[in-house]
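This is input-v3.txt (compact mmCIF, C-alpha atoms).
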# COMPACT_ATOMS: atom_id res chain seq x y z
CA MET A 1 46.01 18.88 30.17
CA CYS A 2 43.56 21.49 28.92
CA ILE A 3 44.54 24.55 26.94
CA VAL A 4 42.90 27.94 26.47
CA LEU A 5 44.03 30.51 23.92
CA LEU A 6 42.73 34.08 23.79
CA THR A 7 43.35 36.68 21.13
CA THR A 8 42.65 40.35 20.48
CA ALA A 9 44.23 40.18 17.02
CA HIS A 10 41.11 40.07 14.83
CA PRO A 11 39.92 43.60 14.01
CA GLU A 12 36.23 42.59 13.92
CA TYR A 13 36.25 40.93 17.34
CA ALA A 14 37.01 42.39 20.73
CA LEU A 15 37.98 38.92 21.96
CA ILE A 16 38.21 35.35 20.70
CA VAL A 17 38.59 32.41 23.10
CA VAL A 18 39.41 28.84 22.03
CA ASP A 19 39.60 25.96 24.48
CA ASN A 20 40.23 22.21 24.63
CA ARG A 21 38.98 20.30 27.64
CA ASP A 22 41.17 17.23 28.18
CA GLU A 23 39.58 14.77 30.59
CA PHE A 24 38.62 11.15 31.10
CA ILE A 25 36.23 10.83 28.19
CA LEU A 26 33.51 9.05 30.19
CA ARG A 27 33.44 11.67 32.96
CA PRO A 28 29.78 12.73 33.37
CA THR A 29 29.46 16.12 31.70
CA SER A 30 26.41 18.02 30.47
CA ARG A 31 26.13 19.82 27.17
CA PRO A 32 26.20 23.64 27.33
CA HIS A 33 22.94 25.23 28.42
CA TRP A 34 21.63 28.30 30.20
CA TRP A 35 21.23 27.88 33.95
CA THR A 36 20.52 30.24 36.81
CA HIS A 37 23.18 30.90 39.43
CA PRO A 38 21.99 31.47 43.04
CA SER A 39 22.95 35.12 42.53
CA GLY A 40 20.40 35.30 39.74
CA ALA A 41 23.03 35.42 36.99
CA ALA A 42 22.16 33.67 33.73
CA VAL A 43 25.12 31.40 32.96
CA LEU A 44 25.92 29.59 29.72
CA SER A 45 28.18 26.58 30.19
CA ALA A 46 28.53 22.85 30.15
CA ARG A 47 28.81 21.41 33.66
CA ASP A 48 30.92 18.75 35.31
CA LEU A 49 28.41 16.43 36.99
CA GLN A 50 30.97 14.28 38.80
CA ARG A 51 30.94 16.59 41.83
CA GLU A 52 27.92 18.03 43.59
CA GLU A 53 28.99 21.63 42.92
CA LYS A 54 28.35 20.99 39.22
CA GLY A 55 31.14 23.39 38.41
CA THR A 56 32.39 24.21 34.95
CA TRP A 57 35.73 24.63 33.27
CA LEU A 58 34.36 27.36 31.01
CA GLY A 59 31.35 29.65 31.26
CA VAL A 60 30.02 33.08 30.35
CA THR A 61 27.08 35.08 31.66
CA LYS A 62 24.62 37.42 29.97
CA THR A 63 26.36 40.29 31.74
CA GLY A 64 29.74 39.28 30.29
CA HIS A 65 31.41 37.43 33.17
CA LEU A 66 33.91 35.00 31.64
CA ALA A 67 35.63 32.16 33.49
CA VAL A 68 37.97 29.53 32.04
CA LEU A 69 39.66 27.02 34.33
CA THR A 70 42.79 24.93 33.96
CA ASN A 71 44.19 22.62 36.62
CA TYR A 72 47.72 23.12 37.86
CA ARG A 73 49.50 19.89 38.71
CA GLU A 74 51.07 20.53 42.11
CA THR A 75 53.95 18.13 42.77
CA ASP A 76 55.33 19.04 46.20
CA LEU A 77 53.81 16.61 48.72
CA GLY A 78 55.22 18.66 51.59
CA ASP A 79 53.66 21.98 50.56
CA ALA A 80 50.53 22.27 52.69
CA THR A 81 49.62 25.69 51.27
CA HIS A 82 49.41 24.32 47.72
CA PRO A 83 47.90 20.82 48.12
CA ILE A 84 47.94 18.23 45.36
CA HIS A 85 44.43 17.14 46.32
CA ALA A 86 41.88 19.30 48.13
CA ALA A 87 38.27 19.18 49.27
CA ARG A 88 37.29 22.49 47.68
CA SER A 89 36.26 22.19 44.06
CA ARG A 90 38.12 24.06 41.34
CA GLY A 91 34.84 24.21 39.43
CA GLY A 92 33.36 25.95 42.45
CA MET A 93 35.80 28.80 41.83
CA THR A 94 34.37 29.40 38.36
CA ASN A 95 30.83 29.22 39.77
CA HIS A 96 31.81 31.85 42.31
CA TRP A 97 33.27 34.19 39.69
CA LEU A 98 30.33 33.79 37.32
CA GLY A 99 27.99 34.83 40.14
CA SER A 100 29.95 37.89 41.24
CA ASP A 101 28.34 41.34 41.23
CA PRO A 102 28.11 42.73 37.65
CA ALA A 103 28.26 46.29 39.00
CA GLU A 104 31.58 45.70 40.76
CA PRO A 105 34.72 46.40 38.67
CA ALA A 106 36.76 43.32 37.84
CA PRO A 107 39.79 44.35 39.96
CA ALA A 108 37.58 44.68 43.04
CA SER A 109 36.00 41.26 42.41
CA VAL A 110 39.44 39.69 41.93
CA ALA A 111 40.70 41.32 45.13
CA ASP A 112 37.70 39.90 46.99
CA LEU A 113 38.40 36.45 45.57
CA VAL A 114 42.06 36.29 46.63
CA LYS A 115 41.92 38.13 49.96
CA ASP A 116 42.42 36.26 53.23
CA GLY A 117 43.59 33.10 51.45
CA GLY A 118 40.41 32.84 49.40
CA VAL A 119 42.04 30.73 46.67
CA LYS A 120 43.88 28.41 49.04
CA GLY A 121 42.90 24.83 49.76
CA VAL A 122 41.41 24.38 46.30
CA GLY A 123 44.11 22.31 44.61
CA GLY A 124 46.29 23.71 41.87
CA PHE A 125 44.43 25.85 39.36
CA SER A 126 44.59 28.88 37.10
CA MET A 127 41.43 30.73 36.08
CA VAL A 128 40.88 33.26 33.35
CA ALA A 129 38.48 35.70 35.03
CA GLY A 130 37.02 38.60 33.10
CA LYS A 131 34.07 40.95 33.01
CA LEU A 132 33.73 41.59 29.31
CA LYS A 133 33.04 45.26 28.75
CA ARG A 134 34.14 47.72 26.12
CA LYS A 135 36.49 50.38 27.40
CA ARG A 136 35.73 54.07 27.11
CA GLY A 137 38.33 56.53 25.93
CA GLU A 138 39.31 59.80 27.56
CA ASP A 139 36.42 61.45 25.71
CA GLU A 140 34.06 58.86 27.27
CA LYS A 141 33.30 57.42 23.84
CA PRO A 142 33.53 53.63 23.28
CA ALA A 143 37.11 52.63 22.47
CA ARG A 144 38.45 49.71 20.42
CA ALA A 145 39.65 48.02 23.59
CA LEU A 146 38.47 45.69 26.34
CA GLU A 147 38.61 45.98 30.08
CA GLY A 148 41.44 43.76 31.37
CA ILE A 149 41.06 40.05 32.07
CA ALA A 150 42.72 38.51 35.14
CA ILE A 151 44.45 35.16 35.47
CA VAL A 152 43.87 34.08 39.06
CA SER A 153 45.59 31.05 40.57
CA ASN A 154 46.01 29.31 43.90
CA ARG A 155 49.47 30.92 43.89
CA CYS A 156 47.99 34.42 44.20
CA ASP A 157 48.09 35.78 47.74
CA GLN A 158 47.05 39.33 46.85
CA LEU A 159 45.81 41.41 43.93
CA GLU A 160 49.37 42.43 43.01
CA ASP A 161 50.17 38.77 42.23
CA VAL A 162 47.48 38.55 39.53
CA PRO A 163 48.50 38.98 35.85
CA TRP A 164 46.12 40.95 33.59
CA ILE A 165 45.76 40.36 29.85
CA ALA A 166 43.73 41.34 26.76
CA GLU A 167 44.01 45.11 27.21
CA THR A 168 46.23 45.42 24.11
CA ARG A 169 45.13 44.79 20.53
CA GLY A 170 46.94 42.33 18.27
CA GLU A 171 47.95 39.90 21.01
CA VAL A 172 47.55 36.15 21.59
CA TYR A 173 47.63 34.67 25.09
CA GLY A 174 47.85 31.03 26.17
CA LEU A 175 47.38 29.01 29.33
CA SER A 176 47.57 25.30 30.08
CA ASN A 177 48.17 23.20 33.18
CA THR A 178 50.92 25.32 34.65
CA VAL A 179 51.14 28.85 35.99
CA TYR A 180 50.63 31.60 33.41
CA ASN A 181 54.07 33.14 33.94
CA ASP A 182 55.96 29.82 33.89
CA PRO A 183 59.54 30.71 32.84
CA LYS A 184 59.56 27.58 30.65
CA PRO A 185 56.51 27.91 28.37
CA TRP A 186 54.94 24.62 27.37
CA PRO A 187 55.36 23.62 23.70
CA LYS A 188 51.59 23.23 23.22
CA VAL A 189 51.00 26.79 24.43
CA GLU A 190 53.71 28.29 22.25
CA LEU A 191 52.46 26.35 19.22
CA GLY A 192 48.85 27.25 20.00
CA LYS A 193 49.61 30.96 20.15
CA LYS A 194 51.46 30.77 16.83
CA LEU A 195 48.65 28.85 15.10
CA VAL A 196 45.90 31.11 16.43
CA LYS A 197 47.78 34.16 15.18
CA GLU A 198 48.15 32.54 11.75
CA ALA A 199 44.48 31.52 11.69
CA VAL A 200 43.33 35.03 12.52
CA GLN A 201 45.60 36.57 9.89
CA GLU A 202 44.29 34.11 7.31
CA ALA A 203 40.71 34.96 8.28
CA VAL A 204 41.41 38.66 7.83
CA ASP A 205 43.22 38.17 4.51
CA LYS A 206 40.44 35.96 3.10
CA ASN A 207 37.60 37.88 4.76
CA LEU A 208 36.27 34.68 6.35
CA ASP A 209 32.83 34.88 7.91
CA GLU A 210 32.13 33.84 11.49
CA ALA A 211 31.36 30.19 10.70
CA ALA A 212 34.47 29.77 8.54
CA LEU A 213 36.64 31.45 11.17
CA ALA A 214 35.23 29.13 13.83
CA GLU A 215 36.11 26.08 11.72
CA ARG A 216 39.60 27.43 11.17
CA LEU A 217 40.02 27.81 14.94
CA PHE A 218 38.66 24.32 15.56
CA SER A 219 41.39 23.08 13.22
CA VAL A 220 43.94 24.68 15.56
CA LEU A 221 42.37 22.80 18.47
CA ASP A 222 42.72 19.56 16.47
CA THR A 223 46.51 19.91 16.16
CA ASP A 224 47.99 16.60 17.36
CA THR A 225 51.75 16.55 17.96
CA LEU A 226 51.69 14.04 20.81
CA PRO A 227 54.67 11.65 20.76
CA LYS A 228 53.44 8.09 20.21
CA HIS A 229 54.32 5.66 23.01
CA PRO A 230 51.93 2.69 22.69
CA ASP A 231 53.43 0.81 25.63
CA MET A 232 53.72 3.75 28.03
CA SER A 233 51.50 3.83 31.12
CA LEU A 234 48.92 6.60 31.38
CA ALA A 235 50.69 8.01 34.44
CA ASP A 236 53.88 8.41 32.42
CA TYR A 237 52.07 9.56 29.28
CA ILE A 238 50.49 12.44 31.19
CA LYS A 239 53.92 14.07 31.33
CA GLU A 240 54.02 14.14 27.51
CA LEU A 241 50.73 16.02 27.15
CA LYS A 242 52.46 19.41 27.37
CA GLN A 243 53.64 18.68 23.82
CA SER A 244 50.26 18.61 22.05
CA ILE A 245 47.26 20.94 21.74
CA PHE A 246 44.97 17.99 20.96
CA VAL A 247 45.13 14.78 23.00
CA PRO A 248 43.98 11.59 21.27
CA ALA A 249 42.39 8.89 23.43
CA ILE A 250 45.12 7.28 25.56
CA GLY A 251 45.23 4.89 28.49
CA ASP A 252 46.37 1.60 29.96
CA GLU A 253 44.76 -1.77 29.31
CA SER A 254 42.31 -1.22 32.19
CA HIS A 255 41.24 2.11 30.68
CA ARG A 256 40.82 0.55 27.24
CA LYS A 257 38.67 -2.24 28.69
CA ALA A 258 36.44 0.20 30.58
CA MET A 259 36.04 2.24 27.41
CA ALA A 260 35.18 -0.83 25.35
CA ASP A 261 32.60 -1.90 27.94
CA ALA A 262 30.98 1.54 27.76
CA VAL A 263 30.98 1.59 23.95
CA ALA A 264 29.39 -1.88 23.93
CA ARG A 265 26.31 -0.36 25.55
CA GLY A 266 25.64 1.45 22.28
CA PRO A 267 25.12 5.15 21.55
CA GLY A 268 25.10 7.10 24.79
CA HIS A 269 23.09 10.10 25.88
CA PHE A 270 24.88 13.01 27.50
CA ALA A 271 24.49 13.46 31.24
CA THR A 272 21.99 16.15 32.16
CA ASP A 273 21.78 18.58 35.01
CA ASP A 274 18.26 18.14 36.40
CA GLN A 275 18.71 19.99 39.68
CA LYS A 276 19.05 23.65 40.58
CA ALA A 277 22.45 25.03 39.75
CA ALA A 278 25.31 25.15 42.24
CA GLU A 279 23.25 24.19 45.28
CA SER A 280 26.29 24.20 47.55
CA LEU A 281 27.25 27.77 46.64
CA GLN A 282 25.52 30.30 48.88
CA LEU A 283 24.94 33.80 47.59
CA GLY A 284 27.76 36.15 48.58
CA GLU A 285 30.07 33.43 49.89
CA ARG A 286 33.21 31.86 48.58
CA PRO A 287 32.84 28.20 47.60
CA ASP A 288 33.18 25.99 50.67
CA PRO A 289 34.14 22.30 50.87
CA PRO A 290 31.37 20.00 49.64
CA THR A 291 29.55 17.73 52.07
CA LYS A 292 30.72 14.69 50.11
CA PRO A 293 34.38 13.63 49.77
CA ASN A 294 36.51 14.51 46.79
CA LEU A 295 35.41 12.16 44.04
CA GLY A 296 38.06 11.32 41.49
CA PHE A 297 37.22 9.87 38.09
CA GLU A 298 39.70 7.75 36.17
CA VAL A 299 37.45 5.45 34.16
CA GLY A 300 37.98 4.83 30.45
CA LEU A 301 40.40 6.53 28.11
CA TYR A 302 41.75 10.05 28.56
CA GLY A 303 41.81 12.69 25.84
CA THR A 304 40.31 15.85 24.41
CA GLN A 305 36.62 15.57 25.30
CA ARG A 306 35.16 18.99 24.37
CA GLN A 307 36.27 21.96 22.25
CA THR A 308 34.91 25.50 22.51
CA VAL A 309 35.21 28.64 20.38
CA ILE A 310 33.81 31.94 21.69
CA MET A 311 33.79 35.16 19.67
CA VAL A 312 32.77 38.59 20.96
CA ASP A 313 32.33 41.40 18.44
CA TRP A 314 32.54 45.15 19.04
CA ASP A 315 28.80 45.42 19.64
CA GLY A 316 28.96 42.87 22.45
CA ASN A 317 27.43 40.06 20.39
CA VAL A 318 28.66 36.66 21.55
CA SER A 319 28.79 33.42 19.56
CA TYR A 320 29.49 30.35 21.69
CA ARG A 321 30.26 27.05 19.97
CA GLU A 322 30.96 23.81 21.79
CA ARG A 323 32.02 20.69 19.91
CA ALA A 324 31.58 17.32 21.63
CA LEU A 325 33.98 14.69 20.32
CA TRP A 326 32.53 11.71 22.23
CA ASP A 327 29.04 10.73 23.37
CA GLY A 328 28.12 9.66 26.89
CA ASN A 329 29.26 6.07 26.28
CA GLY A 330 32.56 7.00 24.66
CA ASN A 331 31.53 6.61 21.02
CA PRO A 332 33.38 9.05 18.75
CA ILE A 333 31.28 11.81 17.17
CA GLU A 334 32.03 13.01 13.65
CA ARG A 335 33.45 16.54 13.65
CA GLY A 336 30.60 19.04 13.57
CA LYS A 337 27.86 16.51 14.39
CA GLY A 338 28.24 17.22 18.10
CA ASP A 339 28.18 21.02 17.87
CA GLU A 340 25.99 23.30 19.98
CA VAL A 341 25.81 27.00 19.04
CA PHE A 342 24.46 29.86 21.17
CA ARG A 343 24.22 33.58 20.45
CA PHE A 344 23.42 36.48 22.75
CA LYS A 345 24.29 40.12 23.41
CA ILE A 346 26.19 41.10 26.56
CA GLU A 347 24.07 43.25 28.85
CA GLY A 348 25.88 46.44 29.84
CA TRP A 349 28.56 46.00 27.18
CA GLU A 350 29.20 49.74 26.87
CA SER A 351 28.04 50.87 30.32
What do you get writing this file as structure tokens?
Amino acid sequence: MCIVLLTTAHPEYALIVVDNRDEFILRPTSRPHWWTHPSGAAVLSARDLQREEKGTWLGVTKTGHLAVLTNYRETDLGDATHPIHAARSRGGMTNHWLGSDPAEPAPASVADLVKDGGVKGVGGFSMVAGKLKRKRGEDEKPARALEGIAIVSNRCDQLEDVPWIAETRGEVYGLSNTVYNDPKPWPKVELGKKLVKEAVQEAVDKNLDEAALAERLFSVLDTDTLPKHPDMSLADYIKELKQSIFVPAIGDESHRKAMADAVARGPGHFATDDQKAAESLQLGERPDPPTKPNLGFEVGLYGTQRQTVIMVDWDGNVSYRERALWDGNGNPIERGKGDEVFRFKIEGWES
């Protein structure tokens, strides 16, 4: 039950993105690193190594392509157009977006993605999809505004179905494991938007620097309001996760045993990606079904595994912070000891 929150409310930053990845803690996942997409794009992301596509839930390129993925839990077994399980990888959708043509405007790239059922057969998902560029005003001078960011989902049949966000200053947007325009907003999303707005206002009032602002936003991602049900099964507990931004480690007895067995192996190294990126994704094509079957992963406890804070200033400078909360064997990592920080400038930011 991941959550992503985006805001345009800080005057010094064109965009701030904060994200919790909730997953089975032992799921093989790399640390963030630069890798080369088959299109030639330089991508910064961690990668899910459970499937051969090595997709990602969150990534950004040197040319400003941004993709953030959340799963949507389809529930209608009889709905063939929106399958609960599917062969095509959701992470492959982010790989596809991150490798799209930098010269093509975002609306055209989104239209290409959704046309002819391009987002069907993937399993329920929503994806924040943006090409981060500074807008130009009517006088062709750089404006204090961003080009719009799309939220694509497997429910989008055409470009007109796609919501666009982040074109207005002073806003906070939120997305979790439901559709963006769900008429019944999830409590975690509503709380997250409120807390991000408060954190940004506090940062402005106190003139917090980048590092202090990042820590303040990480504190939002640590907000735990999950109802405590020690005897509830994981399957039933999953339904409660819409209540809490942060998910502590939860699971049945079998999950606890698997976690304990992993921890008993001692400190664990993180999985690494030692092959070329996204081998199954051919240049210029939509992601196709992998050659191997859909591999689920339900080993060990479930909870918030990674946290990310991305800040983009008005000069196109990006700071990307990922915080790992668990090592490869499921040992907890002290807050801040598992941080990776990257900085770069978006190419073509004002073009």
| CA of Met127 (chain A) and CA of Ile151 (chain A), how far apart in Å? | 5.4 Å
| field | Polymer residues at most 6 Å from region 231-241 of chain A, only C-alpha atoms, same-chain spacing of 3 or more positions, as a PyMOL selection string | value | chain A and resi 244+251-252
Save the residues we just selected, C-alpha atoms, as a PDB file, in the frame of the given file?
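Written output follows (out-v4.pdb):
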ATOM      1  CA  SER A 244      50.260  18.610  22.050  1.00  0.00           C
ATOM      2  CA  GLY A 251      45.230   4.890  28.490  1.00  0.00           C
ATOM      3  CA  ASP A 252      46.370   1.600  29.960  1.00  0.00           C
TER       4      ASP A 252
END
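Our summary of the geometry notes that CA of Val189 (chain A) is positioned 27.5 Å from CA of Ser109 (chain A).
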Axis-aligned box for all listed atoms of region 200-217 of chain A, 5 Å per side, centre and edges in Å to one decimal, as AutoDock Vina command-line options:
--center_x 38.5 --center_y 32.4 --center_z 9.0 --size_x 24.2 --size_y 22.6 --size_z 21.8
| said: Please compute the CA of Glu334 (chain A)-CA of Thr304 (chain A) distance, one decimal, in Å. | reply: 13.9 Å
| query | Neighbours of region 223-229 of chain A within 7 Å (only C-alpha atoms; same-chain residues fewer than 4 positions away dropped), as a ChimeraX atom specification? | reply | /A:219,241,243-247
Emit the selected residues as a short mmCIF file (atom, residue, chain, number, x, y, z; two decimals), in the coordinates of the input, including C-alpha atoms.
data_model
loop_
_atom_site.label_atom_id
_atom_site.label_comp_id
_atom_site.auth_asym_id
_atom_site.auth_seq_id
_atom_site.Cartn_x
_atom_site.Cartn_y
_atom_site.Cartn_z
CA SER A 219 41.39 23.08 13.22
CA LEU A 241 50.73 16.02 27.15
CA GLN A 243 53.64 18.68 23.82
CA SER A 244 50.26 18.61 22.05
CA ILE A 245 47.26 20.94 21.74
CA PHE A 246 44.97 17.99 20.96
CA VAL A 247 45.13 14.78 23.00
#
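If all atoms listed in the file are the atoms counted, then among A:Ala46, A:Glu138, A:Leu66, A:Tyr72 the closest residue to Ala106 (chain A) is A:Leu66.
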Report as a JSON list (two decimals) with C-alpha atoms, in the frame of the given file all protein, DNA and RNA residues lying within 6 Å of region 99-103 of chain A, evaluated on all atoms listed in the file, omitting residues in the same chain fewer than 3 positions from it.
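As a result, around-v3.json now contains:
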[["chain", "number", "residue", "atom", "x", "y", "z"],
["A", 39, "SER", "CA", 22.95, 35.12, 42.53],
["A", 41, "ALA", "CA", 23.03, 35.42, 36.99],
["A", 96, "HIS", "CA", 31.81, 31.85, 42.31]]
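Using all atoms listed in the file, the residues found no farther than 8 Å from Leu213 (chain A), other than those of its own chain fewer than 5 positions away, are A:Ala199, A:Val200, A:Ala203, A:Leu208.
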| task | Name all residues at most 12 Å from Lys194 (chain A) (count all atoms listed in the file; drop same-chain ones fewer than 2 positions away) and give them as number ranges by chain. | result | A: 5-7, 9, 171-174, 187-192, 196-201, 217, 220, 223, 245
Could you take the residues named above and write them with C-alpha atoms, as a PDB file, in the frame of the given file?
ATOM      1  CA  LEU A   5      44.030  30.510  23.920  1.00  0.00           C
ATOM      2  CA  LEU A   6      42.730  34.080  23.790  1.00  0.00           C
ATOM      3  CA  THR A   7      43.350  36.680  21.130  1.00  0.00           C
ATOM      4  CA  ALA A   9      44.230  40.180  17.020  1.00  0.00           C
ATOM      5  CA  GLU A 171      47.950  39.900  21.010  1.00  0.00           C
ATOM      6  CA  VAL A 172      47.550  36.150  21.590  1.00  0.00           C
ATOM      7  CA  TYR A 173      47.630  34.670  25.090  1.00  0.00           C
ATOM      8  CA  GLY A 174      47.850  31.030  26.170  1.00  0.00           C
ATOM      9  CA  PRO A 187      55.360  23.620  23.700  1.00  0.00           C
ATOM     10  CA  LYS A 188      51.590  23.230  23.220  1.00  0.00           C
ATOM     11  CA  VAL A 189      51.000  26.790  24.430  1.00  0.00           C
ATOM     12  CA  GLU A 190      53.710  28.290  22.250  1.00  0.00           C
ATOM     13  CA  LEU A 191      52.460  26.350  19.220  1.00  0.00           C
ATOM     14  CA  GLY A 192      48.850  27.250  20.000  1.00  0.00           C
ATOM     15  CA  VAL A 196      45.900  31.110  16.430  1.00  0.00           C
ATOM     16  CA  LYS A 197      47.780  34.160  15.180  1.00  0.00           C
ATOM     17  CA  GLU A 198      48.150  32.540  11.750  1.00  0.00           C
ATOM     18  CA  ALA A 199      44.480  31.520  11.690  1.00  0.00           C
ATOM     19  CA  VAL A 200      43.330  35.030  12.520  1.00  0.00           C
ATOM     20  CA  GLN A 201      45.600  36.570   9.890  1.00  0.00           C
ATOM     21  CA  LEU A 217      40.020  27.810  14.940  1.00  0.00           C
ATOM     22  CA  VAL A 220      43.940  24.680  15.560  1.00  0.00           C
ATOM     23  CA  THR A 223      46.510  19.910  16.160  1.00  0.00           C
ATOM     24  CA  ILE A 245      47.260  20.940  21.740  1.00  0.00           C
TER      25      ILE A 245
END
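With distances restricted to only C-alpha atoms, A:Leu15 is the closest residue to Gly148 (chain A) from A:Leu49, A:Val119, A:Val263, A:Leu15.
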| field | Residue with smallest distance to Glu298 (chain A) - pool A:Arg136, A:Lys120, A:His37, A:Arg256, counting all atoms listed in the file | value | A:Arg256
| Counting all atoms listed in the file, the residue of A:Cys2, A:Ala111, A:Ala14, A:Met259 that sits nearest Ile310 (chain A) | A:Ala14
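Compared by their closest atoms to Lys257 (chain A), and using all atoms listed in the file, the residues A:Gly330, A:Asp48, A:Glu160, A:Leu195 rank with A:Gly330 nearest.
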